[in-house]
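Chemist: To be precise about what I am sending: the file is called structure_17.cif and holds mmCIF, C-alpha atoms.
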```
data_protein
#
loop_
_atom_site.label_atom_id
_atom_site.label_comp_id
_atom_site.auth_asym_id
_atom_site.auth_seq_id
_atom_site.Cartn_x
_atom_site.Cartn_y
_atom_site.Cartn_z
CA MET A 1 92.80 -75.40 -18.42
CA SER A 2 94.33 -75.50 -14.92
CA THR A 3 93.00 -73.38 -12.14
CA ALA A 4 96.43 -71.89 -11.64
CA ALA A 5 96.22 -70.08 -14.96
CA LEU A 6 93.00 -68.26 -14.12
CA PRO A 7 94.57 -65.64 -11.87
CA MET A 8 97.10 -64.89 -14.58
CA VAL A 9 94.31 -64.31 -17.11
CA GLY A 10 92.45 -62.11 -14.74
CA HIS A 11 95.63 -60.21 -13.91
CA ALA A 12 96.38 -59.66 -17.64
CA ALA A 13 92.86 -58.41 -18.26
CA GLU A 14 93.19 -56.12 -15.30
CA ALA A 15 96.44 -54.77 -16.71
CA GLU A 16 94.97 -54.13 -20.20
CA ARG A 17 91.78 -52.44 -18.94
CA PRO A 18 91.84 -48.70 -19.85
CA THR A 19 91.90 -46.31 -16.95
CA ARG A 20 90.54 -42.68 -16.89
CA THR A 21 93.71 -40.94 -15.86
CA PRO A 22 93.83 -37.17 -15.20
CA ALA A 23 95.57 -36.66 -18.55
CA PHE A 24 92.81 -38.59 -20.31
CA GLU A 25 90.12 -36.54 -18.57
CA LYS A 26 91.93 -33.35 -19.57
CA ARG A 27 92.07 -34.38 -23.23
CA MET A 28 88.37 -35.32 -23.23
CA ALA A 29 87.43 -31.98 -21.68
CA LYS A 30 89.47 -30.19 -24.33
CA ARG A 31 87.72 -32.11 -27.11
CA TYR A 32 84.29 -31.25 -25.74
CA ARG A 33 85.32 -27.64 -25.26
CA ASP A 34 86.63 -27.39 -28.84
CA GLU A 35 83.43 -28.91 -30.20
CA ARG A 36 81.29 -26.53 -28.15
CA ASN A 37 83.36 -23.53 -29.27
CA PHE A 38 83.12 -24.62 -32.91
CA ARG A 39 79.34 -24.90 -32.65
CA LEU A 40 79.17 -21.46 -31.03
CA LEU A 41 81.34 -19.98 -33.79
CA GLY A 42 79.10 -21.52 -36.45
CA LEU A 43 75.99 -20.18 -34.70
CA ALA A 44 77.60 -16.75 -34.41
CA ALA A 45 78.48 -16.75 -38.12
CA VAL A 46 74.92 -17.68 -39.08
CA SER A 47 73.49 -15.09 -36.69
CA PHE A 48 75.79 -12.41 -38.09
CA SER A 49 74.77 -13.25 -41.67
CA VAL A 50 71.08 -13.17 -40.79
CA GLY A 51 71.56 -9.91 -38.89
CA VAL A 52 73.27 -8.25 -41.86
CA LEU A 53 70.49 -9.46 -44.17
CA VAL A 54 67.78 -8.20 -41.81
CA PHE A 55 69.57 -4.86 -41.48
CA LEU A 56 69.89 -4.53 -45.25
CA LEU A 57 66.27 -5.41 -45.90
CA GLY A 58 65.06 -3.24 -43.03
CA ASN A 59 67.06 -0.27 -44.25
CA MET A 60 65.74 -0.73 -47.78
CA LEU A 61 62.16 -1.00 -46.52
CA ILE A 62 62.41 2.06 -44.28
CA ASN A 63 63.89 4.19 -47.06
CA GLY A 64 61.90 2.54 -49.83
CA ILE A 65 58.40 2.92 -48.43
CA GLY A 66 58.66 6.66 -48.98
CA GLY A 67 59.67 5.97 -52.57
CA PHE A 68 56.27 4.47 -53.25
CA GLN A 69 54.65 7.75 -52.17
CA ARG A 70 54.63 11.25 -53.59
CA ALA A 71 53.50 14.70 -52.51
CA GLU A 72 50.14 15.56 -54.09
CA LEU A 73 47.95 18.68 -54.16
CA THR A 74 44.18 18.39 -53.88
CA VAL A 75 42.28 20.15 -56.67
CA THR A 76 38.51 19.98 -57.28
CA ILE A 77 37.26 20.59 -60.85
CA ASN A 78 33.67 21.32 -61.83
CA PHE A 79 33.58 19.91 -65.37
CA PRO A 80 30.03 21.06 -66.32
CA GLU A 81 31.00 24.72 -65.78
CA SER A 82 34.58 24.35 -67.07
CA GLY A 83 33.57 24.19 -70.72
CA VAL A 84 35.45 20.93 -71.31
CA THR A 85 33.24 18.46 -73.18
CA GLY A 86 33.44 14.96 -74.51
CA ASP A 87 31.73 11.61 -74.69
CA ALA A 88 32.77 8.03 -73.97
CA VAL A 89 34.10 7.57 -77.51
CA SER A 90 36.19 10.75 -77.73
CA LEU A 91 37.53 10.52 -74.17
CA THR A 92 38.79 6.97 -74.63
CA ALA A 93 40.25 7.51 -78.12
CA PRO A 94 44.05 7.39 -78.56
CA SER A 95 44.03 11.13 -79.34
CA ALA A 96 41.95 12.06 -76.27
CA SER A 97 44.82 13.92 -74.57
CA GLN A 98 45.41 16.10 -77.61
CA THR A 99 41.68 16.84 -77.89
CA LEU A 100 41.43 17.84 -74.22
CA GLU A 101 44.54 19.96 -74.53
CA MET A 102 43.02 21.82 -77.47
CA GLN A 103 39.91 22.43 -75.35
CA GLY A 104 42.10 24.11 -72.73
CA LEU A 105 42.24 21.42 -70.04
CA PRO A 106 45.68 22.62 -68.78
CA ASP A 107 44.25 26.13 -68.29
CA VAL A 108 41.15 24.70 -66.58
CA VAL A 109 43.28 22.77 -64.11
CA ALA A 110 45.45 25.82 -63.42
CA PHE A 111 42.34 28.01 -62.95
CA TYR A 112 40.73 25.77 -60.31
CA ALA A 113 44.09 25.19 -58.62
CA GLU A 114 44.67 28.94 -58.29
CA GLN A 115 41.18 29.43 -56.85
CA GLN A 116 41.61 26.72 -54.23
CA LEU A 117 45.35 26.79 -53.49
CA GLY A 118 46.52 30.28 -54.36
CA PRO A 119 48.93 31.44 -57.06
CA ASP A 120 52.08 30.46 -55.16
CA ALA A 121 50.92 26.83 -54.71
CA THR A 122 49.61 26.67 -58.27
CA ALA A 123 53.09 27.51 -59.51
CA GLU A 124 54.33 24.38 -57.68
CA LEU A 125 51.81 22.11 -59.41
CA SER A 126 53.39 19.59 -61.78
CA ASN A 127 53.31 20.64 -65.43
CA ASP A 128 51.88 17.23 -66.30
CA GLY A 129 49.10 17.43 -63.73
CA TRP A 130 46.50 17.94 -66.43
CA ARG A 131 47.62 14.66 -68.04
CA ASP A 132 46.62 12.83 -64.87
CA VAL A 133 43.18 14.46 -65.18
CA ALA A 134 42.97 13.38 -68.82
CA ALA A 135 43.94 9.83 -67.84
CA ALA A 136 41.22 9.80 -65.18
CA LEU A 137 38.66 10.94 -67.77
CA ALA A 138 39.78 8.18 -70.11
CA ASP A 139 39.31 5.60 -67.34
CA ASP A 140 35.88 6.97 -66.39
CA PRO A 141 34.29 9.24 -69.05
CA THR A 142 31.30 9.95 -66.74
CA LEU A 143 33.54 12.28 -64.71
CA ILE A 144 33.01 14.92 -67.42
CA GLU A 145 29.42 15.27 -66.19
CA ARG A 146 30.14 16.12 -62.53
CA THR A 147 32.52 17.71 -60.06
CA GLN A 148 35.53 15.60 -59.18
CA THR A 149 38.45 15.94 -56.77
CA PHE A 150 41.91 14.99 -58.02
CA GLU A 151 45.23 14.39 -56.28
CA LEU A 152 47.83 15.94 -58.59
CA ALA A 153 51.60 15.71 -58.27
CA ALA A 154 53.40 18.63 -56.68
CA SER A 155 56.77 19.93 -57.81
CA SER A 156 60.01 18.47 -56.49
CA ALA A 157 60.73 21.69 -54.61
CA LEU A 158 57.39 21.59 -52.77
CA ALA A 159 57.85 17.87 -52.03
CA ALA A 160 61.27 18.62 -50.54
CA GLY A 161 59.82 21.48 -48.51
CA MET A 162 57.19 19.12 -47.15
CA GLN A 163 59.99 16.94 -45.78
CA GLY A 164 61.82 19.86 -44.21
CA ASP A 165 64.36 20.41 -46.97
CA GLY A 166 64.85 23.11 -49.57
CA ALA A 167 64.19 26.85 -49.35
CA PRO A 168 62.56 28.25 -46.16
CA GLU A 169 59.71 29.82 -48.16
CA MET A 170 58.95 26.45 -49.74
CA GLN A 171 58.90 24.81 -46.33
CA ALA A 172 56.48 27.48 -45.08
CA LEU A 173 54.24 27.00 -48.12
CA ALA A 174 54.22 23.24 -47.64
CA LYS A 175 53.40 23.64 -43.95
CA ARG A 176 50.45 25.91 -44.76
CA LEU A 177 49.08 23.59 -47.41
CA VAL A 178 49.40 20.57 -45.12
CA ALA A 179 47.54 22.45 -42.38
CA ASP A 180 44.78 23.30 -44.87
CA GLY A 181 44.52 19.67 -45.96
CA LYS A 182 45.54 20.51 -49.51
CA LEU A 183 48.93 18.77 -49.53
CA ALA A 184 49.67 15.19 -48.49
CA ARG A 185 51.92 12.25 -49.28
CA ASN A 186 49.80 9.55 -50.90
CA TRP A 187 50.56 6.08 -52.19
CA ASP A 188 51.76 6.44 -55.77
CA TRP A 189 50.52 3.48 -57.80
CA GLY A 190 51.76 5.27 -60.90
CA PHE A 191 55.32 4.52 -59.80
CA LEU A 192 54.73 0.95 -61.01
CA SER A 193 53.22 2.04 -64.35
CA ARG A 194 55.30 5.06 -65.43
CA SER A 195 58.77 5.24 -66.96
CA ASP A 196 61.81 7.43 -66.30
CA ALA A 197 61.45 11.21 -66.01
CA THR A 198 63.50 14.22 -64.96
CA SER A 199 61.48 14.83 -61.77
CA PRO A 200 61.33 12.34 -58.89
CA GLN A 201 57.63 13.16 -58.58
CA ALA A 202 56.98 11.85 -62.10
CA VAL A 203 59.35 8.89 -62.39
CA GLY A 204 58.22 5.29 -62.63
CA ILE A 205 59.75 1.85 -62.75
CA TRP A 206 57.68 0.12 -65.43
CA GLY A 207 59.97 1.01 -68.34
CA ALA A 208 63.03 -0.44 -66.60
CA LEU A 209 61.07 -3.43 -65.29
CA LYS A 210 59.79 -4.31 -68.76
CA GLY A 211 63.28 -3.89 -70.19
CA THR A 212 64.59 -6.25 -67.48
CA MET A 213 61.97 -8.86 -68.32
CA LEU A 214 62.78 -8.75 -72.04
CA THR A 215 66.53 -8.85 -71.43
CA MET A 216 66.28 -11.79 -68.99
CA LEU A 217 64.01 -13.65 -71.42
CA VAL A 218 66.59 -13.32 -74.20
CA THR A 219 69.34 -14.40 -71.78
CA LEU A 220 67.41 -17.49 -70.68
CA VAL A 221 66.36 -18.54 -74.18
CA LEU A 222 69.96 -18.37 -75.41
CA ALA A 223 71.99 -19.47 -72.39
CA PHE A 224 69.94 -22.38 -71.04
CA PRO A 225 69.61 -24.65 -74.11
CA ILE A 226 73.14 -23.91 -75.36
CA GLY A 227 74.61 -24.48 -71.89
CA VAL A 228 72.69 -27.73 -71.34
CA LEU A 229 73.58 -29.14 -74.76
CA SER A 230 77.23 -28.16 -74.30
CA ALA A 231 77.33 -29.93 -70.94
CA LEU A 232 75.76 -33.05 -72.46
CA TYR A 233 78.21 -33.13 -75.31
CA LEU A 234 81.29 -32.59 -73.17
CA GLU A 235 80.26 -35.20 -70.63
CA GLU A 236 78.66 -37.87 -72.83
CA TYR A 237 80.09 -37.60 -76.34
CA ALA A 238 83.30 -35.55 -76.46
CA PRO A 239 86.52 -37.61 -76.87
CA ARG A 240 89.06 -37.32 -74.09
CA ASN A 241 91.99 -35.50 -75.66
CA ARG A 242 93.94 -32.29 -75.30
CA TRP A 243 91.37 -30.27 -77.23
CA THR A 244 88.61 -31.31 -74.87
CA ASP A 245 90.83 -30.45 -71.91
CA LEU A 246 91.51 -27.04 -73.45
CA ILE A 247 87.78 -26.43 -73.87
CA GLU A 248 87.08 -27.44 -70.27
CA VAL A 249 89.79 -25.12 -68.94
CA SER A 250 88.51 -22.28 -71.11
CA ILE A 251 84.94 -22.70 -69.83
CA SER A 252 86.17 -22.71 -66.23
CA ASN A 253 88.15 -19.53 -66.89
CA LEU A 254 85.20 -17.85 -68.59
CA ALA A 255 83.08 -18.41 -65.48
CA ALA A 256 85.56 -16.27 -63.50
CA VAL A 257 86.12 -13.52 -66.09
CA PRO A 258 85.00 -10.02 -64.90
CA SER A 259 81.63 -9.10 -66.32
CA ILE A 260 82.87 -5.93 -68.00
CA ILE A 261 84.95 -8.10 -70.37
CA PHE A 262 81.72 -9.58 -71.69
CA GLY A 263 80.47 -6.02 -72.17
CA LEU A 264 83.50 -5.27 -74.32
CA LEU A 265 82.80 -8.45 -76.27
CA GLY A 266 79.19 -7.42 -76.87
CA LEU A 267 80.32 -3.94 -77.89
CA SER A 268 82.87 -5.21 -80.39
CA ILE A 269 80.82 -8.05 -81.89
CA PHE A 270 77.07 -7.64 -81.43
CA LEU A 271 76.93 -3.87 -81.93
CA ALA A 272 79.28 -4.20 -84.88
CA ILE A 273 76.84 -6.65 -86.48
CA PHE A 274 73.68 -4.79 -85.38
CA PRO A 275 74.69 -1.11 -85.08
CA ASN A 276 71.07 0.07 -85.04
CA LEU A 277 70.14 -2.01 -81.98
CA ARG A 278 72.12 -0.08 -79.39
CA SER A 279 70.39 -0.16 -75.97
CA ALA A 280 68.05 -2.92 -77.18
CA PRO A 281 67.09 -5.84 -74.89
CA LEU A 282 68.18 -8.21 -77.66
CA ILE A 283 71.79 -7.02 -77.49
CA GLY A 284 71.71 -6.89 -73.69
CA GLY A 285 70.33 -10.42 -73.49
CA MET A 286 72.93 -11.77 -75.90
CA THR A 287 75.72 -10.14 -73.89
CA LEU A 288 74.45 -11.51 -70.58
CA ALA A 289 73.92 -14.93 -72.16
CA LEU A 290 77.66 -15.11 -72.91
CA MET A 291 78.34 -14.42 -69.24
CA THR A 292 75.77 -16.94 -67.97
CA MET A 293 76.54 -19.92 -70.23
CA PRO A 294 79.82 -21.00 -68.51
CA VAL A 295 78.03 -21.25 -65.15
CA ILE A 296 75.28 -23.39 -66.68
CA VAL A 297 77.80 -25.63 -68.46
CA ILE A 298 79.82 -26.26 -65.28
CA SER A 299 76.78 -26.96 -63.12
CA GLY A 300 75.26 -29.10 -65.89
CA ARG A 301 78.38 -31.28 -66.14
CA ASN A 302 78.43 -31.77 -62.38
CA ALA A 303 74.76 -32.73 -62.42
CA ILE A 304 75.35 -35.25 -65.20
CA LYS A 305 78.28 -36.78 -63.32
CA ALA A 306 76.03 -37.21 -60.28
CA VAL A 307 73.68 -39.55 -62.18
CA PRO A 308 74.57 -43.14 -61.11
CA PRO A 309 76.18 -45.29 -63.84
CA SER A 310 73.62 -47.98 -63.05
CA ILE A 311 70.94 -45.81 -64.64
CA ARG A 312 72.83 -45.85 -67.92
CA ASP A 313 73.64 -49.56 -67.68
CA GLY A 314 70.05 -50.46 -66.91
CA ALA A 315 68.69 -48.41 -69.82
CA LEU A 316 71.20 -49.95 -72.23
CA ALA A 317 70.39 -53.43 -70.91
CA VAL A 318 66.70 -53.11 -71.81
CA GLY A 319 67.54 -52.01 -75.37
CA ALA A 320 67.66 -48.20 -75.23
CA SER A 321 69.93 -46.48 -77.71
CA PRO A 322 72.72 -44.16 -76.44
CA VAL A 323 70.68 -41.12 -77.45
CA GLN A 324 67.63 -42.45 -75.60
CA VAL A 325 69.77 -43.11 -72.54
CA VAL A 326 70.93 -39.49 -72.51
CA PHE A 327 67.64 -37.75 -73.25
CA HIS A 328 65.19 -40.14 -71.56
CA HIS A 329 67.15 -41.02 -68.43
CA VAL A 330 70.29 -38.96 -67.80
CA LEU A 331 68.95 -35.53 -68.72
CA PRO A 332 65.70 -35.73 -66.65
CA LEU A 333 67.68 -36.87 -63.61
CA ALA A 334 70.31 -34.15 -64.08
CA MET A 335 67.79 -31.37 -64.78
CA PRO A 336 67.37 -30.24 -61.12
CA GLY A 337 71.11 -29.65 -60.84
CA MET A 338 71.14 -27.83 -64.16
CA LEU A 339 68.29 -25.59 -62.99
CA THR A 340 70.27 -24.80 -59.84
CA GLY A 341 73.16 -23.55 -61.99
CA THR A 342 70.71 -21.62 -64.13
CA ILE A 343 69.28 -19.91 -61.03
CA ILE A 344 72.76 -18.84 -59.96
CA GLY A 345 73.68 -17.62 -63.44
CA MET A 346 70.43 -15.70 -63.99
CA ALA A 347 70.63 -14.10 -60.56
CA ARG A 348 74.13 -12.90 -61.38
CA ALA A 349 73.00 -11.58 -64.76
CA LEU A 350 70.02 -9.78 -63.22
CA GLY A 351 72.27 -7.64 -61.03
CA GLU A 352 74.87 -6.74 -63.65
CA THR A 353 75.40 -3.18 -64.83
CA ALA A 354 78.98 -3.11 -66.16
CA PRO A 355 78.31 -5.09 -69.39
CA LEU A 356 75.17 -3.10 -70.09
CA LEU A 357 76.97 0.21 -69.63
CA LEU A 358 79.18 -0.55 -72.61
CA ILE A 359 76.31 -1.44 -74.95
CA GLY A 360 74.40 1.75 -74.18
CA MET A 361 71.63 0.57 -71.85
CA ARG A 362 72.18 3.53 -69.53
CA ALA A 363 70.24 5.83 -71.85
CA PHE A 364 67.33 7.96 -70.64
CA VAL A 365 64.26 5.99 -71.79
CA ALA A 366 61.00 7.85 -71.17
CA THR A 367 58.71 5.20 -72.71
CA PRO A 368 58.55 1.43 -72.11
CA PRO A 369 60.16 -0.70 -74.85
CA ASP A 370 57.77 -2.05 -77.46
CA GLY A 371 59.82 -5.16 -78.17
CA PHE A 372 63.24 -6.78 -78.13
CA THR A 373 64.71 -4.23 -80.54
CA SER A 374 63.42 -1.04 -78.89
CA PRO A 375 65.66 1.20 -76.74
CA ALA A 376 65.44 0.11 -73.12
CA THR A 377 67.16 0.07 -69.77
CA VAL A 378 67.11 -2.43 -66.90
CA LEU A 379 66.43 -2.15 -63.18
CA PRO A 380 70.07 -2.21 -61.98
CA MET A 381 70.96 0.47 -64.51
CA GLN A 382 67.92 2.56 -63.50
CA ILE A 383 68.98 2.31 -59.87
CA PHE A 384 72.51 3.36 -60.84
CA LEU A 385 71.24 6.39 -62.76
CA TRP A 386 68.87 7.53 -59.98
CA SER A 387 71.53 7.13 -57.30
CA ASP A 388 73.67 9.66 -59.19
CA GLU A 389 70.95 12.35 -59.13
CA ILE A 390 71.30 15.38 -56.86
CA ASP A 391 67.61 15.75 -55.98
CA ARG A 392 66.86 14.16 -52.60
CA GLY A 393 63.59 12.77 -53.95
CA PHE A 394 65.55 10.31 -56.05
CA VAL A 395 67.04 8.73 -52.91
CA GLU A 396 63.66 7.34 -51.88
CA ARG A 397 62.85 6.37 -55.46
CA THR A 398 66.17 4.50 -55.64
CA SER A 399 65.34 2.50 -52.51
CA ALA A 400 61.89 1.73 -53.90
CA ALA A 401 63.45 0.52 -57.15
CA ILE A 402 65.79 -1.74 -55.15
CA ILE A 403 62.76 -3.27 -53.43
CA VAL A 404 61.16 -3.91 -56.84
CA LEU A 405 64.42 -5.51 -58.03
CA LEU A 406 64.56 -7.78 -54.98
CA VAL A 407 60.92 -8.81 -55.42
CA PHE A 408 61.56 -9.56 -59.10
CA LEU A 409 64.65 -11.60 -58.16
CA LEU A 410 62.70 -13.56 -55.54
CA ALA A 411 59.88 -14.22 -58.01
CA MET A 412 62.29 -15.39 -60.71
CA ASN A 413 64.22 -17.63 -58.31
CA GLY A 414 61.00 -18.93 -56.76
CA LEU A 415 59.74 -20.02 -60.17
CA ALA A 416 63.06 -21.69 -60.96
CA ILE A 417 63.09 -23.51 -57.60
CA TYR A 418 59.53 -24.69 -58.18
CA LEU A 419 60.48 -26.10 -61.57
CA ARG A 420 63.60 -27.71 -60.09
CA ASN A 421 61.58 -29.45 -57.38
CA LYS A 422 58.97 -30.50 -59.90
CA PHE A 423 61.53 -32.22 -62.14
CA GLU A 424 63.53 -33.68 -59.26
CA LYS A 425 63.53 -37.48 -59.09
CA ARG A 426 64.94 -39.67 -56.34
CA TRP A 427 66.43 -43.10 -56.68
#
```
What is this structure when it is put down as structure tokens?
Modeler:
Amino acid sequence: MSTAALPMVGHAAEAERPTRTPAFEKRMAKRYRDERNFRLLGLAAVSFSVGVLVFLLGNMLINGIGGFQRAELTVTINFPESGVTGDAVSLTAPSASQTLEMQGLPDVVAFYAEQQLGPDATAELSNDGWRDVAAALADDPTLIERTQTFELAASSALAAGMQGDGAPEMQALAKRLVADGKLARNWDWGFLSRSDATSPQAVGIWGALKGTMLTMLVTLVLAFPIGVLSALYLEEYAPRNRWTDLIEVSISNLAAVPSIIFGLLGLSIFLAIFPNLRSAPLIGGMTLALMTMPVIVISGRNAIKAVPPSIRDGALAVGASPVQVVFHHVLPLAMPGMLTGTIIGMARALGETAPLLLIGMRAFVATPPDGFTSPATVLPMQIFLWSDEIDRGFVERTSAAIIVLLVFLLAMNGLAIYLRNKFEKRW
């Protein structure tokens, strides 16, 4: 190469070298500014979502803490002088309440309450206060041999007066009793063990919570295996034709159908077949299973598609049959994705009320269900019914029930996430 050509090469390289012109600098600054703004918008969106969640949870906690408490009157009973008798066997028998009632326990409670609180406060004592005394005697029969102080539920009117609501005379009575140390708001553990009632002082969440557990169990037992097997068949075995395409489109449409349509389906089919099981967890679970299955099928098919084809090819190469490939290799690897779809479907089913309204699960149920065929209600329906009550005491009870529902949802999802992580395999 001649030396004369070198300047030309250097000149060409100099001409092709990029230069940072003002226009280039302006475009780069705009790119950086757009990226920074996008990151700020994303951070603002996340912050807003977290703020709304914190506000919601904080509001529920502030209003719900009072729902776990109730206004109670302090009454001391001297059992040896009351004339009420009994031993460990009779006081713990199933008929103990009837026996104590025949001995005049309600009158004994009213007598000591009138002595210590006055006739006006005794009139505001819950009619079922003596049942709390009977329950305490059943838990500890030795109380019948000594003097014992009980915290008995006050009436709804006195509870409202304690909070500054209701009639002026009730507020004055509550103020006097609080000053005397005879009226206080105490933690109500019975809220977690009682069922529905007409008074906010006597209501509990256990009946609805047990009904929710039974209904969700039926939903899971029906929806999960049927949804998983349907996804396996459609993805691994079903022929590719117009009928399969029709089924796939139908499943996708069912996942977006309003929940009340499934309630109409349960009303017209399940209650027509089992007319005596209205309001039963079995019917509610079957109805919610219809709503949950499309979600499980769609997520299951996506999870199966995500399994690498090399897994199937390797299993077939070492002599596994097609069924063994599906159930020994594909299904275990797709199970975490299927459980994710199940979590989403069950969470949606847990919060539904519209389908259950149509099959009668909004009934007043004063006792917990004994089984899958007993009349029952569920937590969302209980919250709906309490929110429609006029008594202010039900507002706090409603917030407390929402907290129980959220805790139940977190526990259910936490268990599902644990199982998903346990079955998860990496390749």
Chemist: Using the chain letters and residue numbers of this document, give as a VMD selection string the residues selected by the PyMOL selection byres ((chain A and resi 306) around 12).
Modeler: chain A and resid 235 299 to 305 307 to 312 330 to 331 333 to 338 427
Chemist: I'd like to see the residues matched by the PyMOL selection byres ((chain A and resi 96) around 12) on this file, and ideally I'd get them as a PyMOL selection string.
Modeler: chain A and resi 85-95+97-103+105+131+133-139+141
Chemist: Find the distance between CA of Leu267 (chain A) and CA of Gly351 (chain A) and write it in Å to one decimal.
Modeler: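 If I compute the distance from CA of Leu267 (chain A) to CA of Gly351 (chain A), I get 19.0 Å.
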Chemist: Figure out the distance between CA of Lys210 (chain A) and CA of Pro355 (chain A), please, to one decimal in Å.
Modeler: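 Atom-to-atom, CA of Pro355 (chain A) and CA of Lys210 (chain A) are spaced 18.5 Å apart.
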Chemist: Please determine, counting only C-alpha atoms, which residue among A:Ser259, A:Thr212, A:Asn253, A:Thr147 has the shortest atom-to-atom distance to Met361 (chain A).
Modeler: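 Checking each of A:Ser259, A:Thr212, A:Asn253, A:Thr147 against Met361 (chain A), counting only C-alpha atoms, the winner is A:Thr212.
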Chemist: Exactly which residues make up the result of the PyMOL selection byres ((chain A and resi 411-420) around 8) on this file, given as a list in words?
Modeler: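 Residues picked by the PyMOL selection byres ((chain A and resi 411-420) around 8): Met335, Pro336, Gly337, Leu339, Thr340, Ile343, Ala347, Val407, Phe408, Leu409, Leu410, Asn421, Lys422, Phe423 and Glu424 of chain A.
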Chemist: Can you pull out every residue within 10 Å of Gln382 (chain A), counting only C-alpha atoms, but drop anything in the same chain fewer than 3 positions away, and send it as a VMD selection string?
Modeler: chain A and resid 196 205 207 to 209 353 361 to 365 377 to 379 385 to 387 398 401 to 402
Chemist: Quick one: distance from CA of Leu350 (chain A) to CA of Met291 (chain A) in Å, one decimal?
Modeler: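 Taking CA of Leu350 (chain A) and CA of Met291 (chain A), their separation equals 11.3 Å.
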Chemist: Hey, which of A:Gln163, A:Thr373, A:Ala320, A:Arg31 ends up closest to Phe274 (chain A)? Count all atoms listed in the file.
Modeler: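 Counting all atoms listed in the file, the residue closest to Phe274 (chain A) is A:Thr373.
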Chemist: Quick one: everything within 10 Å of Glu81 (chain A), counting all atoms listed in the file, minus sequence neighbours fewer than 2 positions away in the same chain. Send it as an MDAnalysis selection string.
Modeler: chainID A and resid 77:79 83:85 145:147
Chemist: May I have the protein, DNA and RNA residues with an atom at most 12 Å from (36.7, 17.3, -55.9), counting all atoms listed in the file in the file's coordinates, returned as a PyMOL selection string?
Modeler: chain A and resi 73-79+109+112-113+116+133+143+146-152+182
Chemist: Go through A:Trp243, A:Phe327, A:Trp130, A:Phe24 and flag the residue nearest Leu229 (chain A), using all atoms listed in the file for the distances.
Modeler: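 Of A:Trp243, A:Phe327, A:Trp130, A:Phe24, the one nearest Leu229 (chain A), counting all atoms listed in the file, is A:Phe327.
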Chemist: Taking all atoms listed in the file into account, name the residue in A:Val395, A:Ala400, A:Leu41, A:Leu220 that is nearest to Leu57 (chain A).
Modeler: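 Looking at the shortest contact to Leu57 (chain A), the residue is A:Ala400.
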Chemist: Quick one: of A:Ala153, A:Asp34, A:Val50, A:Asp120, who's nearest to Ala71 (chain A), counting only C-alpha atoms?
Modeler: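 With only C-alpha atoms as the atom set, the closest residue is A:Ala153.
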Chemist: Centre and edge lengths of an axis-aligned box around all listed atoms of region 187-190 of chain A, with 4 Å added on each side, are to be given in Å to one decimal, as JSON.
Modeler:
```
{"center_x": 51.1, "center_y": 5.0, "center_z": -56.5, "size_x": 9.2, "size_y": 11.0, "size_z": 16.7}
```
Chemist: Between A:Gly190, A:Pro200, A:Gly118, A:Gly341, which is the closest to Gly227 (chain A) once you count only C-alpha atoms?
Modeler: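 Smallest distance to Gly227 (chain A) is found for A:Gly341.
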Chemist: Give me the residues within 12 Å of Met162 (chain A) as a ChimeraX atom specification, counting only C-alpha atoms and dropping any in the same chain fewer than 2 places off.
Modeler: /A:70-73,154-160,164-179,182-185,393
